[in-house]
>>> print(open('upload.csv').read())   # CSV, C-alpha atoms
chain,number,residue,atom,x,y,z
A,1,MET,CA,-65.8,74.7,5.3
A,2,ASN,CA,-65.4,78.3,6.1
A,3,SER,CA,-66.4,81.2,3.8
A,4,ASP,CA,-62.8,82.4,3.4
A,5,SER,CA,-61.6,79.2,1.8
A,6,TYR,CA,-64.7,79.1,-0.4
A,7,THR,CA,-64.0,82.7,-1.5
A,8,GLU,CA,-60.4,81.8,-2.3
A,9,TYR,CA,-61.6,78.8,-4.3
A,10,LEU,CA,-63.9,80.9,-6.4
A,11,ILE,CA,-61.2,83.5,-7.1
A,12,GLU,CA,-58.8,80.8,-8.1
A,13,LYS,CA,-61.4,79.2,-10.3
A,14,GLU,CA,-62.2,82.5,-12.0
A,15,SER,CA,-58.6,83.2,-12.7
A,16,SER,CA,-58.0,79.8,-14.2
A,17,GLU,CA,-61.1,80.0,-16.3
A,18,GLU,CA,-60.0,83.4,-17.8
A,19,GLU,CA,-57.0,81.6,-19.3
A,20,PHE,CA,-59.2,79.2,-21.1
A,21,SER,CA,-62.1,81.5,-22.0
A,22,SER,CA,-62.9,81.8,-25.6
A,23,SER,CA,-62.8,85.1,-27.5
A,24,GLU,CA,-66.0,86.7,-28.5
A,25,SER,CA,-65.1,86.3,-32.2
A,26,GLU,CA,-65.3,82.6,-32.1
A,27,SER,CA,-68.4,80.9,-33.4
A,28,ASP,CA,-71.2,79.4,-31.3
A,29,ASP,CA,-70.0,75.9,-32.4
A,30,ASP,CA,-66.6,76.5,-30.9
A,31,SER,CA,-68.0,77.6,-27.6
A,32,LEU,CA,-70.3,74.5,-27.5
A,33,ASP,CA,-67.2,72.3,-28.0
A,34,SER,CA,-65.6,73.8,-25.0
A,35,ALA,CA,-68.8,73.2,-23.0
A,36,ARG,CA,-68.4,69.5,-23.7
A,37,ASP,CA,-65.0,69.3,-22.0
A,38,TRP,CA,-64.9,67.4,-18.8
A,39,CYS,CA,-63.3,68.9,-15.7
A,40,ARG,CA,-62.5,67.6,-12.3
A,41,VAL,CA,-65.0,68.4,-9.5
A,42,ASP,CA,-63.8,68.7,-5.9
A,43,ILE,CA,-66.5,67.0,-3.9
A,44,THR,CA,-64.8,67.9,-0.6
A,45,ILE,CA,-65.9,71.5,-1.1
A,46,SER,CA,-69.5,72.0,-0.4
A,47,GLN,CA,-71.4,74.0,-3.0
A,48,GLN,CA,-73.8,76.7,-2.2
A,49,ASN,CA,-77.5,75.8,-2.5
A,50,PRO,CA,-79.3,77.4,-5.4
A,51,PRO,CA,-81.4,80.4,-4.5
A,52,LYS,CA,-84.9,79.5,-3.1
A,53,PHE,CA,-87.9,81.0,-4.9
A,54,PRO,CA,-91.0,81.1,-2.8
A,55,PHE,CA,-94.0,79.2,-4.1
A,56,THR,CA,-96.8,81.7,-4.9
A,57,GLY,CA,-99.3,79.3,-6.5
A,58,ASN,CA,-102.4,77.8,-5.1
A,59,PRO,CA,-101.5,74.2,-4.3
A,60,GLY,CA,-103.9,71.3,-4.5
A,61,LEU,CA,-106.1,69.4,-6.9
A,62,LYS,CA,-108.1,71.6,-9.2
A,63,VAL,CA,-110.4,68.9,-10.5
A,64,SER,CA,-113.1,67.1,-8.6
A,65,VAL,CA,-113.0,63.3,-9.0
A,66,GLY,CA,-115.2,62.7,-6.0
A,67,ASP,CA,-114.4,59.7,-3.8
A,68,SER,CA,-113.6,57.5,-6.8
A,69,GLU,CA,-111.0,54.8,-6.3
A,70,ASP,CA,-111.1,53.9,-9.9
A,71,PRO,CA,-107.7,54.6,-11.6
A,72,LEU,CA,-109.5,55.1,-14.9
A,73,ASP,CA,-111.1,58.3,-13.6
A,74,TYR,CA,-107.7,59.7,-12.9
A,75,PHE,CA,-106.4,58.5,-16.3
A,76,ASN,CA,-109.3,60.3,-18.0
A,77,LEU,CA,-108.3,63.6,-16.2
A,78,PHE,CA,-105.1,63.7,-18.2
A,79,PHE,CA,-106.1,61.9,-21.4
A,80,ASP,CA,-109.5,63.4,-22.3
A,81,ASP,CA,-111.3,63.1,-25.7
A,82,GLU,CA,-109.6,66.2,-27.0
A,83,ILE,CA,-106.2,64.8,-26.5
A,84,PHE,CA,-107.2,61.4,-28.0
A,85,ASN,CA,-108.7,63.1,-31.0
A,86,PHE,CA,-105.5,65.0,-31.6
A,87,ILE,CA,-103.3,61.9,-31.2
A,88,VAL,CA,-105.5,59.8,-33.5
A,89,SER,CA,-105.7,62.4,-36.2
A,90,GLU,CA,-101.9,63.0,-36.2
A,91,SER,CA,-101.2,59.3,-36.2
A,92,ASN,CA,-103.5,58.7,-39.1
A,93,ARG,CA,-102.0,61.7,-41.0
A,94,TYR,CA,-98.5,60.5,-40.4
A,95,ALA,CA,-99.4,57.0,-41.5
A,96,GLU,CA,-100.9,58.3,-44.7
A,97,SER,CA,-97.9,60.5,-45.6
A,98,HIS,CA,-95.5,57.7,-44.7
A,99,PHE,CA,-97.2,55.1,-46.9
A,100,GLN,CA,-97.4,57.6,-49.8
A,101,ASN,CA,-93.6,58.2,-49.7
A,102,ALA,CA,-92.6,54.6,-48.9
A,103,GLU,CA,-91.7,52.0,-51.5
A,104,LEU,CA,-93.8,49.1,-50.3
A,105,THR,CA,-93.5,45.5,-51.5
A,106,PRO,CA,-96.6,43.5,-52.3
A,107,SER,CA,-96.2,41.5,-49.1
A,108,SER,CA,-95.8,44.5,-46.9
A,109,ARG,CA,-98.1,44.5,-43.9
A,110,ALA,CA,-98.3,48.3,-44.2
A,111,LEU,CA,-100.8,47.6,-47.1
A,112,LYS,CA,-103.2,46.3,-44.4
A,113,TRP,CA,-103.1,49.6,-42.5
A,114,LYS,CA,-106.5,51.0,-41.6
A,115,ASN,CA,-107.0,54.3,-39.8
A,116,ILE,CA,-107.1,54.0,-36.0
A,117,ASN,CA,-109.9,55.4,-33.8
A,118,ASN,CA,-110.0,56.8,-30.2
A,119,GLN,CA,-110.9,53.5,-28.7
A,120,GLU,CA,-107.9,51.7,-30.2
A,121,MET,CA,-105.6,54.5,-29.1
A,122,LYS,CA,-107.0,54.5,-25.6
A,123,ARG,CA,-106.3,50.8,-25.3
A,124,PHE,CA,-102.8,51.2,-26.7
A,125,ILE,CA,-101.8,54.0,-24.3
A,126,SER,CA,-103.4,52.2,-21.4
A,127,LEU,CA,-101.5,49.1,-22.3
A,128,LEU,CA,-98.2,51.0,-22.3
A,129,LEU,CA,-98.9,52.4,-18.9
A,130,PHE,CA,-100.1,49.0,-17.6
A,131,GLN,CA,-96.9,47.4,-18.8
A,132,GLY,CA,-95.1,49.5,-16.2
A,133,ILE,CA,-97.2,48.1,-13.4
A,134,VAL,CA,-97.9,44.5,-14.4
A,135,GLN,CA,-95.0,42.2,-15.3
A,136,LYS,CA,-95.4,39.4,-17.8
A,137,PRO,CA,-92.4,37.3,-18.9
A,138,VAL,CA,-93.0,37.9,-22.6
A,139,GLU,CA,-94.2,41.2,-24.1
A,140,LYS,CA,-96.5,39.6,-26.7
A,141,TRP,CA,-98.5,38.2,-23.8
A,142,PHE,CA,-99.9,41.7,-23.2
A,143,TRP,CA,-101.6,41.4,-26.6
A,144,SER,CA,-102.8,37.8,-26.2
A,145,LYS,CA,-106.5,37.1,-26.4
A,146,ARG,CA,-106.2,33.8,-24.6
A,147,PRO,CA,-108.2,34.0,-21.4
A,148,ILE,CA,-105.3,32.8,-19.2
A,149,LEU,CA,-102.9,35.4,-20.6
A,150,SER,CA,-105.3,38.3,-21.3
A,151,THR,CA,-105.1,41.6,-19.6
A,152,ALA,CA,-108.7,41.9,-18.3
A,153,TYR,CA,-108.4,45.4,-17.0
A,154,LEU,CA,-107.9,46.8,-20.5
A,155,GLU,CA,-111.2,45.4,-21.7
A,156,ARG,CA,-113.1,48.0,-19.7
A,157,LEU,CA,-111.8,50.8,-22.0
>>> encode(input="upload.csv", output="structure tokens")
Amino acid sequence: MNSDSYTEYLIEKESSEEEFSSSESESDDDSLDSARDWCRVDITISQQNPPKFPFTGNPGLKVSVGDSEDPLDYFNLFFDDEIFNFIVSESNRYAESHFQNAELTPSSRALKWKNINNQEMKRFISLLLFQGIVQKPVEKWFWSKRPILSTAYLERL
């Protein structure tokens, strides 16, 4: 595609958009409604690439994990004790406020709630990540304590 036809396309596009542009007196909600309108896109016209911004950072790993091949070492880089303390305290705080405001029946299993700790949260998050890697036909098998169905890797946490 040559640049003249692309320029003509842009001029035509701008003139057609002026007819449908909203006035400045309209509310933000009105302008959002017009943003939701679908329009036809001509895929035969190649679009310009977005501007390139040079990378000025210092690439590479900033933490030393040595020559470890243990995935748990990499997991601990992202989920350290500070993160788990925060997640656990917020989870316990939410549970407490939720149960105070909820109308629970005597048979509700929420009455059996006990505060969680870092170890339990580590196992839970690890299990969620593990479910993306290891496939089991039934989700509850990830929680099984039967030796044939257990998830042995999580016992190391």
>>> residues_around(input="upload.csv", residues="range 126-129 of chain A", least_positions_apart="3", cutoff="8 Å", atoms="only C-alpha atoms", output="PDB file with C-alpha atoms, keeping the file's coordinate frame")
ATOM      1  CA  LYS A 122    -107.000  54.500 -25.600  1.00  0.00           C
ATOM      2  CA  ARG A 123    -106.300  50.800 -25.300  1.00  0.00           C
ATOM      3  CA  GLY A 132     -95.100  49.500 -16.200  1.00  0.00           C
ATOM      4  CA  ILE A 133     -97.200  48.100 -13.400  1.00  0.00           C
ATOM      5  CA  PHE A 142     -99.900  41.700 -23.200  1.00  0.00           C
ATOM      6  CA  LEU A 154    -107.900  46.800 -20.500  1.00  0.00           C
TER       7      LEU A 154
END
>>> atom_distance(input="upload.csv", atom1="CA of Leu61 in chain A", atom2="CA of Phe79 in chain A")
16.3 Å
>>> atom_distance(input="upload.csv", atom1="CA of Phe86 in chain A", atom2="CA of Trp113 in chain A")
19.0 Å
>>> closest_residue(input="upload.csv", among="A:Phe75, A:Trp38, A:Phe124, A:Trp141", to="Ile87 in chain A", atoms="only C-alpha atoms")
A:Phe124
>>> atom_distance(input="upload.csv", atom1="CA of Phe130 in chain A", atom2="CA of Asp80 in chain A")
17.8 Å
>>> closest_residue(input="upload.csv", among="A:Gln131, A:Asn92, A:Thr56, A:Ser68", to="Lys114 in chain A", atoms="only C-alpha atoms")
A:Asn92
>>> closest_residue(input="upload.csv", among="A:Val65, A:Ala95, A:Leu111, A:Ile116", to="Leu77 in chain A", atoms="only C-alpha atoms")
A:Val65
